[in-house]
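So this block is input00.cif, mmCIF, C-alpha atoms:
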data_entry
#
loop_
_atom_site.label_atom_id
_atom_site.label_comp_id
_atom_site.auth_asym_id
_atom_site.auth_seq_id
_atom_site.Cartn_x
_atom_site.Cartn_y
_atom_site.Cartn_z
CA MET Q 731 95.09 140.90 83.09
CA LEU Q 732 93.99 137.36 83.98
CA LEU Q 733 97.48 136.49 85.16
CA LEU Q 734 97.61 139.70 87.18
CA THR Q 735 94.25 138.78 88.74
CA LEU Q 736 95.70 135.40 89.73
CA GLU Q 737 98.82 137.07 91.06
CA THR Q 738 96.64 139.31 93.20
CA ILE Q 739 95.31 136.20 94.95
CA ASP Q 740 98.57 134.26 95.08
CA LEU Q 741 101.16 136.48 96.75
CA ASN Q 742 103.98 134.33 95.36
CA GLY Q 743 102.45 134.33 91.89
CA ALA Q 744 105.63 134.54 89.79
CA GLN Q 745 107.14 131.47 91.47
CA SER Q 746 103.83 129.59 91.27
CA LEU Q 747 103.65 130.27 87.53
CA LEU Q 748 107.16 128.88 87.06
CA ASN Q 749 106.39 125.79 89.17
CA LEU Q 750 103.21 125.18 87.17
CA SER Q 751 105.14 125.61 83.93
CA ASN Q 752 107.53 122.86 85.08
CA ASN Q 753 104.66 120.60 86.17
CA LEU Q 754 102.87 121.03 82.83
CA ASN Q 755 106.08 120.39 80.85
CA LEU Q 756 106.06 123.86 79.37
CA ASN Q 757 109.77 124.37 80.14
CA LYS Q 758 110.65 124.64 76.46
CA VAL Q 759 108.43 127.67 75.96
CA LEU Q 760 108.51 129.16 79.46
CA PRO Q 761 111.76 127.97 81.09
CA THR Q 762 112.42 130.83 83.53
CA LYS Q 763 110.68 133.63 85.42
CA VAL Q 764 112.40 136.17 83.18
CA ILE Q 765 110.98 134.61 80.00
CA ILE Q 766 107.48 134.58 81.51
CA TRP Q 767 107.96 138.21 82.55
CA LYS Q 768 109.16 139.12 79.03
CA PHE Q 769 106.06 137.59 77.47
CA ARG Q 770 103.83 139.33 79.98
CA ASN Q 771 105.44 142.63 78.96
CA ASN Q 772 103.64 142.37 75.64
CA ASN Q 773 100.73 144.05 77.40
CA PRO Q 774 100.83 147.67 76.18
CA MET Q 775 99.39 148.88 79.47
CA ARG Q 776 102.53 147.86 81.37
CA LYS Q 777 105.26 150.31 82.38
CA SER Q 778 107.91 148.01 80.91
CA TYR Q 779 106.03 147.33 77.67
CA ILE Q 780 108.16 145.73 74.95
CA ASN Q 781 106.85 144.17 71.76
CA ASN Q 782 108.47 140.74 71.98
CA LYS Q 783 106.42 139.20 69.18
CA ILE Q 784 104.66 136.53 71.22
CA THR Q 785 104.58 133.14 69.50
CA ILE Q 786 101.49 130.93 69.31
CA GLU Q 787 103.26 128.35 71.52
CA ALA Q 788 103.90 130.94 74.21
CA PHE Q 789 100.33 132.24 73.90
CA ASP Q 790 98.95 128.71 74.40
CA ALA Q 791 101.34 128.03 77.26
CA LEU Q 792 100.25 131.19 79.08
CA ILE Q 793 96.57 130.19 78.68
CA LYS Q 794 97.36 126.74 80.10
CA LEU Q 795 99.12 128.37 83.05
CA ALA Q 796 96.15 130.68 83.70
CA VAL Q 797 93.67 127.78 83.59
CA GLU Q 798 95.75 125.50 85.81
CA MET Q 799 96.38 128.26 88.32
CA SER Q 800 92.68 129.15 88.42
CA LYS Q 801 91.91 125.47 89.15
CA THR Q 802 94.22 125.62 92.17
CA LEU Q 803 92.94 128.99 93.33
CA TYR Q 804 89.23 128.29 92.66
CA PRO Q 805 88.21 128.29 96.37
CA TYR Q 806 89.73 131.76 96.80
CA ILE Q 807 88.23 133.06 93.55
CA ARG Q 808 84.85 131.77 94.66
CA GLU Q 809 85.19 133.37 98.08
CA ILE Q 810 85.94 136.75 96.50
CA LEU Q 811 82.97 136.40 94.13
CA GLN Q 812 80.73 135.38 97.04
CA SER Q 813 81.95 138.36 99.02
CA ARG Q 814 80.98 140.70 96.15
CA ASP Q 815 77.58 139.00 95.91
CA ASP Q 816 76.99 139.54 99.66
CA ILE Q 817 78.89 142.80 99.99
CA ASP Q 818 76.82 143.91 102.99
CA LYS Q 819 77.41 140.71 104.97
CA ASN Q 820 81.06 139.98 104.22
CA PRO Q 821 82.90 142.74 102.34
CA TYR Q 822 86.46 141.92 103.51
CA PRO Q 823 87.66 139.37 100.90
CA TRP Q 824 86.39 141.57 98.05
CA ASN Q 825 87.87 144.79 99.49
CA ASP Q 826 91.22 143.12 100.25
CA PHE Q 827 91.40 141.71 96.74
CA LYS Q 828 90.46 145.02 95.15
CA ASN Q 829 93.02 146.99 97.17
CA ARG Q 830 95.83 144.59 96.32
CA PHE Q 831 94.80 144.56 92.66
CA ILE Q 832 94.98 148.36 92.54
CA GLU Q 833 98.36 148.28 94.33
CA LEU Q 834 99.71 145.91 91.69
CA ILE Q 835 98.35 148.12 88.92
CA TYR Q 836 100.15 151.15 90.41
CA GLU Q 837 103.32 149.09 90.72
CA ARG Q 838 103.40 147.61 87.21
CA PHE Q 839 101.16 149.54 84.86
CA ASN Q 840 101.53 152.89 83.16
CA ILE Q 841 98.93 154.91 85.06
CA ASN Q 842 98.95 157.72 82.49
CA ARG Q 843 97.05 155.53 80.04
CA MET Q 844 93.29 155.97 79.93
CA ARG Q 845 92.59 152.23 80.14
CA VAL Q 846 94.77 151.95 83.24
CA LYS Q 847 93.05 154.96 84.79
CA LYS Q 848 89.77 153.04 84.46
CA LEU Q 849 91.36 150.08 86.25
CA ILE Q 850 92.41 152.15 89.24
CA ASP Q 851 89.18 154.07 89.49
CA THR Q 852 87.73 152.57 92.69
CA ASN Q 853 84.19 153.61 91.78
CA GLY Q 854 84.10 152.08 88.33
CA ASN Q 855 86.54 149.17 88.26
CA ASP Q 856 84.26 146.58 89.92
CA GLU Q 857 82.91 145.49 86.55
CA ILE Q 858 86.35 144.87 85.01
CA ILE Q 859 87.64 143.02 88.08
CA LEU Q 860 84.46 140.90 88.26
CA LYS Q 861 84.68 139.99 84.57
CA ASN Q 862 88.26 138.77 85.03
CA LEU Q 863 87.42 136.78 88.15
CA LEU Q 864 84.33 135.25 86.58
CA ALA Q 865 86.23 134.29 83.41
CA LEU Q 866 88.77 132.47 85.57
CA ALA Q 867 86.07 130.81 87.69
CA LEU Q 868 84.21 129.56 84.61
CA CYS Q 869 87.35 128.22 82.95
CA CYS Q 870 88.80 126.12 85.75
CA SER Q 871 87.99 122.73 84.24
CA ASP Q 872 89.41 120.30 81.70
CA GLU Q 873 87.60 122.20 78.93
CA GLY Q 874 88.70 125.52 80.44
CA TYR Q 875 91.71 125.82 78.16
CA GLN Q 876 89.51 125.51 75.04
CA LYS Q 877 86.95 127.97 76.43
CA LEU Q 878 89.50 130.61 77.35
CA ARG Q 879 91.50 130.18 74.15
CA SER Q 880 88.48 130.56 71.90
CA SER Q 881 87.36 133.58 73.92
CA LEU Q 882 90.77 135.28 73.66
CA LEU Q 883 91.07 134.57 69.94
CA ASN Q 884 87.62 136.03 69.33
CA PHE Q 885 88.61 139.45 70.70
CA MET I 366 66.04 97.18 89.76
CA LEU I 367 68.39 99.20 91.97
CA GLN I 368 69.55 102.36 90.26
CA ASN I 369 73.01 103.91 90.50
CA LYS I 370 73.43 107.37 91.95
CA LEU I 371 76.36 109.71 91.45
CA THR I 372 76.80 113.10 93.12
CA PHE I 373 78.94 116.05 92.10
CA ASN I 374 79.48 118.76 94.71
CA GLN I 375 80.86 122.24 94.53
CA SER I 376 80.43 124.55 97.53
CA SER I 377 76.79 125.66 97.31
CA VAL I 378 75.66 123.30 94.54
CA ARG I 379 75.05 119.56 94.36
CA LEU I 380 74.21 117.64 91.22
CA GLU I 381 72.76 114.14 91.54
CA ILE I 382 72.60 111.78 88.58
CA ILE I 383 70.46 108.67 88.85
CA GLY I 384 70.39 105.94 86.24
CA LEU I 385 71.38 102.52 85.02
CA PRO I 386 74.32 101.00 83.16
CA ASP I 387 73.81 99.78 79.62
CA TYR I 388 73.96 96.02 80.23
CA ALA I 389 73.55 95.36 76.50
CA ASN I 390 77.05 96.82 76.03
CA ASN I 391 78.48 94.79 78.94
CA GLU I 392 79.09 97.90 80.99
CA ASN I 393 80.33 97.98 84.57
CA LYS I 394 77.51 97.86 87.14
CA ASN I 395 78.68 101.21 88.61
CA GLN I 396 78.38 102.98 85.27
CA ILE I 397 75.45 105.27 84.38
CA SER I 398 74.62 105.28 80.68
CA ILE I 399 70.86 105.60 80.87
CA ILE I 400 70.07 108.67 82.96
CA SER I 401 66.55 108.33 84.34
CA GLN I 402 66.58 111.28 86.72
CA TRP I 403 68.77 114.14 87.88
CA LYS I 404 68.54 116.67 90.70
CA LEU I 405 70.23 120.04 90.99
CA MET I 406 70.34 121.37 94.53
CA ILE I 407 71.35 124.99 95.06
CA ILE I 408 71.47 126.48 98.53
CA ASP I 409 68.46 128.70 99.34
CA THR I 410 66.60 127.75 96.15
CA PRO I 411 63.99 125.07 95.39
CA LEU I 412 65.08 121.68 94.06
CA ILE I 413 65.43 121.44 90.28
CA GLU I 414 64.90 118.03 88.70
CA GLY I 415 63.89 116.40 85.45
CA ASN I 416 64.73 113.89 82.76
CA ILE I 417 67.68 113.64 80.36
CA ASP I 418 66.16 116.13 77.87
CA HIS I 419 65.87 118.75 80.60
CA LEU I 420 69.42 118.11 81.72
CA THR I 421 70.76 118.49 78.18
CA SER I 422 68.81 121.70 77.76
CA ILE I 423 69.86 123.16 81.11
CA MET I 424 73.52 122.24 80.66
CA GLY I 425 73.51 123.73 77.16
CA ALA I 426 71.88 126.89 78.49
CA PHE I 427 74.39 127.37 81.29
CA TYR I 428 77.37 126.65 79.05
CA SER I 429 76.17 129.04 76.34
CA TYR I 430 75.45 131.71 78.92
CA SER I 431 78.85 131.30 80.56
CA ASN I 432 80.54 131.51 77.16
CA PHE I 433 78.78 134.82 76.57
CA LEU I 434 80.10 136.04 79.91
CA ILE I 435 83.65 134.91 79.15
CA ASN I 436 83.50 136.56 75.73
CA ASN I 437 82.29 139.85 77.27
CA ASP I 438 79.13 139.70 75.17
CA ASN I 439 75.65 140.63 76.31
CA ALA I 440 74.79 137.54 78.32
CA PHE I 441 71.33 136.27 77.38
CA TYR I 442 69.92 132.80 76.73
CA GLU I 443 66.40 131.75 75.80
CA SER I 444 64.97 128.30 75.07
CA LYS I 445 61.90 126.11 75.50
CA PHE I 446 62.85 124.99 79.01
CA ILE I 447 65.09 127.73 80.37
CA ASP I 448 65.87 131.46 80.08
CA ILE I 449 68.91 133.10 81.66
CA ILE I 450 69.34 136.87 81.70
CA ALA I 451 72.00 138.99 83.36
CA GLU I 452 70.24 141.50 85.60
CA ASN I 453 73.51 143.25 86.38
CA TYR I 454 77.14 142.21 86.88
CA PHE I 455 76.32 140.45 90.14
CA THR I 456 72.93 138.80 89.55
CA HIS I 457 71.69 136.36 86.93
CA LYS I 458 67.97 135.67 86.53
CA VAL I 459 67.12 132.05 85.74
CA LEU I 460 63.60 131.19 84.56
CA LEU I 461 62.82 127.46 84.48
CA LYS I 462 59.76 126.50 82.47
CA SER I 463 58.10 123.22 83.34
CA SER I 464 57.08 120.82 80.58
CA LYS I 465 54.02 119.85 82.66
CA PRO I 466 50.87 121.95 82.20
CA ASP I 467 49.50 124.21 84.97
CA ILE I 468 52.90 124.58 86.63
CA LYS I 469 54.15 128.14 86.85
CA PRO I 470 57.72 128.91 85.74
CA LEU I 471 60.29 128.93 88.53
CA LYS I 472 62.28 132.15 88.95
CA ILE I 473 65.69 131.99 90.60
CA ASN I 474 68.23 134.77 91.12
CA ILE I 475 71.79 133.54 91.38
CA GLY I 476 75.07 135.34 92.01
CA ASN I 477 78.42 134.90 90.28
CA ALA I 478 79.67 132.47 92.91
CA VAL I 479 76.69 130.13 92.50
CA LEU I 480 76.87 130.39 88.72
CA SER I 481 80.52 129.30 88.74
CA ASP I 482 79.61 126.46 91.14
CA ILE I 483 76.90 125.22 88.76
CA ILE I 484 79.31 125.30 85.81
CA ASN I 485 81.89 123.51 87.95
CA CYS I 486 79.40 120.74 88.76
CA PHE I 487 78.54 120.32 85.07
CA ASP I 488 82.26 120.22 84.26
CA GLN I 489 82.71 117.46 86.84
CA LEU I 490 79.84 115.54 85.25
CA ASN I 491 81.41 115.93 81.79
CA ALA I 492 84.79 114.84 83.07
CA SER I 493 83.41 111.81 84.92
CA ILE I 494 84.14 108.48 83.28
CA LYS I 495 81.29 106.85 85.20
CA VAL I 496 78.55 108.74 83.38
CA ARG I 497 77.83 108.77 79.66
CA LYS I 498 78.56 112.23 78.24
CA VAL I 499 75.51 114.46 78.11
CA ASN I 500 75.23 116.18 74.75
CA SER I 501 75.50 119.86 75.47
CA VAL I 502 77.23 122.81 73.86
CA ILE I 503 80.42 123.62 75.71
CA LEU I 504 81.96 125.87 73.08
CA ASP I 505 79.69 128.16 71.11
CA ASN I 506 82.40 130.05 69.34
CA PRO I 507 85.06 127.88 67.76
CA PRO I 508 88.42 129.60 67.46
CA LYS I 509 88.83 131.70 64.36
CA LYS I 510 91.82 130.15 62.66
CA GLY I 511 92.45 133.29 60.65
CA LEU I 512 93.41 135.17 63.77
CA LEU I 513 96.05 132.61 64.68
CA LYS I 514 98.21 133.65 61.75
CA PHE I 515 98.38 137.23 62.87
CA ILE I 516 99.81 136.35 66.24
CA ASN I 517 102.96 135.09 64.55
CA LYS I 518 103.90 138.45 63.09
CA ASP I 519 107.29 137.35 61.71
CA LYS I 520 105.79 134.97 59.16
CA THR I 521 103.04 137.38 58.18
CA PHE I 522 105.56 140.10 57.43
CA ILE I 523 107.75 137.74 55.42
CA TYR I 524 104.77 136.85 53.22
CA LEU I 525 103.31 140.34 52.95
CA LEU I 526 106.43 142.48 52.56
CA PRO I 527 107.48 141.72 48.91
CA PRO I 528 104.04 142.30 47.33
CA LEU I 529 103.60 145.39 49.50
CA ILE I 530 106.92 146.91 48.38
CA SER I 531 106.21 146.15 44.71
CA LEU I 532 102.73 147.68 44.97
CA CYS I 533 104.07 150.82 46.65
CA SER I 534 106.84 151.27 44.09
CA LEU I 535 104.36 150.75 41.25
CA ILE I 536 102.04 153.42 42.67
CA LEU I 537 104.97 155.80 43.22
CA ILE I 538 106.37 155.42 39.71
CA SER I 539 103.01 155.61 37.96
CA SER I 540 101.98 158.70 39.96
CA THR I 541 105.30 160.42 39.00
CA LEU I 542 104.73 159.62 35.35
CA ILE I 543 101.22 160.96 35.51
CA TYR I 544 102.67 164.22 36.83
CA PHE I 545 105.01 164.54 33.83
CA TYR I 546 102.64 163.19 31.23
CA ASN I 547 99.32 164.94 31.34
CA LEU I 548 97.07 163.16 28.89
CA SER I 549 94.44 165.87 28.46
CA GLU I 550 97.08 168.57 27.92
CA ASP I 551 98.74 166.39 25.34
CA LYS I 552 95.47 165.95 23.50
CA GLU I 553 94.95 169.73 23.43
CA LYS I 554 98.48 170.25 22.05
CA LYS I 555 97.87 167.71 19.33
CA ALA I 556 94.60 169.36 18.43
CA LEU I 557 96.32 172.80 18.21
CA ILE I 558 99.10 171.43 15.98
CA ASN I 559 96.53 169.76 13.77
CA SER I 560 94.52 172.95 13.51
CA LYS I 561 97.73 174.90 12.77
CA ASN I 562 98.55 172.37 10.09
CA THR I 563 95.13 172.69 8.60
CA LEU I 564 95.35 176.45 8.80
CA HIS I 565 98.75 176.34 7.22
CA SER I 566 97.50 174.15 4.47
CA ILE I 567 94.55 176.44 3.91
CA LYS I 568 96.95 179.38 3.80
CA SER I 569 99.23 177.53 1.40
CA ILE I 570 96.28 176.68 -0.75
CA ASP I 571 95.33 180.30 -0.62
CA THR I 572 98.84 181.33 -1.62
CA ILE I 573 98.90 178.87 -4.41
CA LEU I 574 95.66 180.07 -5.60
#
How does the structure come out when it is put into structure tokens?
Amino acid sequence: MLLLTLETIDLNGAQSLLNLSNNLNLNKVLPTKVIIWKFRNNNPMRKSYINNKITIEAFDALIKLAVEMSKTLYPYIREILQSRDDIDKNPYPWNDFKNRFIELIYERFNINRMRVKKLIDTNGNDEIILKNLLALALCCSDEGYQKLRSSLLNF
Amino acid sequence: MLQNKLTFNQSSVRLEIIGLPDYANNENKNQISIISQWKLMIIDTPLIEGNIDHLTSIMGAFYSYSNFLINNDNAFYESKFIDIIAENYFTHKVLLKSSKPDIKPLKINIGNAVLSDIINCFDQLNASIKVRKVNSVILDNPPKKGLLKFINKDKTFIYLLPPLISLCSLILISSTLIYFYNLSEDKEKKALINSKNTLHSIKSIDTIL
């Protein structure tokens, strides 16, 4: 979900993830777009869900990618959060983000699942979207990897 | 003596650290190891300032609170100097309590954007090599190592499969045997045979007699 949130902001998200993987020397674990896509298909909410048995190395690499990408995209994440805080003054960034997020969900997720139905419910999905954005905004630092990792392992 | 000043900016927040280098340790003159004062400036809110103890407390509070938010827990933090409570998903109530008497606590409402800016400023301060690290809790919940094993399912199955199979087969075999060998029934049969034997013996005695 965090990677999908980042992809909602970065229109060329898949390529950016691969470039970041090369920059962070994660080529061994995530060498191509297809491998990244395969690992991302471990999410049971996806249409193309396959249990690929994600390794701890791949799990760590994906967290590093999410943190690094959120560092790069922090100004945009902040703008969207600010827009939600001042929804009456400047609703456009938030609404644009939300619409694109829902579009991506329709495109990639199995909308018959109850959890996915909650994600596309325009009246009730603000909380979930905000939580994802805030998690990314609070983890875009050098300690971000540790924070996000411990949070994900505590689920 | 002229003090050093370092600023960390992030959009709507500015953090100023004022202090001196530790000359006893032959530190660079641009370094700040003894923090004498700090100022946190947030747009549209009053200036927040204090000494090193306040900074440690405030940084710890914000980090703990943000960890609660990341972990999807009920975000709430309370301490001697600062309370932070989530009013809803968009607003966070910060209550700063002064250590000086007769000064009322300062109430500030901040949004998610400002909260992330504050954390970002503190992260910059922590990452800075020019300032001595302020002792504050960054990670409240250390990773549970036990969970790590379960991510690598292959190894777990290799270890768990043989004892599981043996346990299942043991249960299966013993339950089948229980079906064929009913202990209570067997006891009853034995008792009947014994009684028959006794009866027979009594009869035989009777016949003899």
Inset, instruction - Compute the chain Q side of the contact with chain I at 12 Å, counting only C-alpha atoms, and hand it back as an MDAnalysis selection string. - result: chainID Q and resid 732 772 781:790 801 804:817 855:885
Inset, instruction - Just say which residues the PyMOL selection byres ((chain Q and resi 739) around 12) picks in this file, as JSON, numbers by chain. - result: {"Q": [732, 733, 734, 735, 736, 737, 738, 740, 741, 742, 743, 744, 746, 799, 800, 802, 803, 804, 805, 806, 807, 808, 809, 810, 823, 824, 826, 827, 828, 829, 830, 831, 834, 863]}
I need the chosen residues saved as a compact mmCIF listing (two decimals), in the coordinates of the input, with C-alpha atoms.
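So the final result, stored in part-v6.txt, reads:
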# COMPACT_ATOMS: atom_id res chain seq x y z
CA LEU Q 732 93.99 137.36 83.98
CA LEU Q 733 97.48 136.49 85.16
CA LEU Q 734 97.61 139.70 87.18
CA THR Q 735 94.25 138.78 88.74
CA LEU Q 736 95.70 135.40 89.73
CA GLU Q 737 98.82 137.07 91.06
CA THR Q 738 96.64 139.31 93.20
CA ASP Q 740 98.57 134.26 95.08
CA LEU Q 741 101.16 136.48 96.75
CA ASN Q 742 103.98 134.33 95.36
CA GLY Q 743 102.45 134.33 91.89
CA ALA Q 744 105.63 134.54 89.79
CA SER Q 746 103.83 129.59 91.27
CA MET Q 799 96.38 128.26 88.32
CA SER Q 800 92.68 129.15 88.42
CA THR Q 802 94.22 125.62 92.17
CA LEU Q 803 92.94 128.99 93.33
CA TYR Q 804 89.23 128.29 92.66
CA PRO Q 805 88.21 128.29 96.37
CA TYR Q 806 89.73 131.76 96.80
CA ILE Q 807 88.23 133.06 93.55
CA ARG Q 808 84.85 131.77 94.66
CA GLU Q 809 85.19 133.37 98.08
CA ILE Q 810 85.94 136.75 96.50
CA PRO Q 823 87.66 139.37 100.90
CA TRP Q 824 86.39 141.57 98.05
CA ASP Q 826 91.22 143.12 100.25
CA PHE Q 827 91.40 141.71 96.74
CA LYS Q 828 90.46 145.02 95.15
CA ASN Q 829 93.02 146.99 97.17
CA ARG Q 830 95.83 144.59 96.32
CA PHE Q 831 94.80 144.56 92.66
CA LEU Q 834 99.71 145.91 91.69
CA LEU Q 863 87.42 136.78 88.15
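Taking atom CA of I:Arg497 and atom CA of I:Glu414 as endpoints, the distance between them is 18.3 Å.
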Inset, instruction - Just give me the gap between atom CA of Q:Leu747 and atom CA of Q:Ile832 in Å, one decimal is fine. - result: 20.7 Å
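Restricting the calculation to all atoms listed in the file, the smallest distance between Q:Ile841 and any of Q:Lys758, Q:Lys794, Q:Lys819, Q:Arg776 is found for Q:Arg776.
This file, queried with the PyMOL selection byres ((chain I and resi 499) around 9), gives the residues I:Ile417, I:Leu420, I:Thr421, I:Met424, I:Leu490, I:Asn491, I:Val496, I:Arg497, I:Lys498, I:Asn500, I:Ser501.
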For Q:Leu760, please output as a PDB file with C-alpha atoms, keeping the file's coordinate frame all residues within 8 Å (counting only C-alpha atoms; exclusion window: fewer than 6 positions along the same chain).
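The result, stored in selection-v8.pdb:
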ATOM      1  CA  LEU Q 748     107.160 128.880  87.060  1.00  0.00           C
ATOM      2  CA  SER Q 751     105.140 125.610  83.930  1.00  0.00           C
ATOM      3  CA  ILE Q 766     107.480 134.580  81.510  1.00  0.00           C
ATOM      4  CA  ALA Q 788     103.900 130.940  74.210  1.00  0.00           C
ATOM      5  CA  ALA Q 791     101.340 128.030  77.260  1.00  0.00           C
TER       6      ALA Q 791
END
Inset, instruction - Quick one: everything within 9 Å of I:Thr372, counting all atoms listed in the file, minus sequence neighbours fewer than 4 positions away in the same chain. Send it as an NGL selection string. - result: :I and (379-383 or 490)
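As for atom CA of Q:Gly854 and atom CA of Q:Ile835, they are spaced 14.8 Å apart.
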May I have the centre and edge lengths, in Å to one decimal, of an axis-aligned box around the listed atoms of stretch 818-834 of chain Q with 4 Å added to every side, as JSON?
{"center_x": 88.3, "center_y": 143.9, "center_z": 98.3, "size_x": 30.9, "size_y": 17.0, "size_z": 21.3}
Inset, instruction - Using only C-alpha atoms, pick whichever of I:Asp467, I:Thr410, I:Asp418, I:Ile399 has the shortest atom-to-atom distance to I:Gln368. - result: I:Ile399
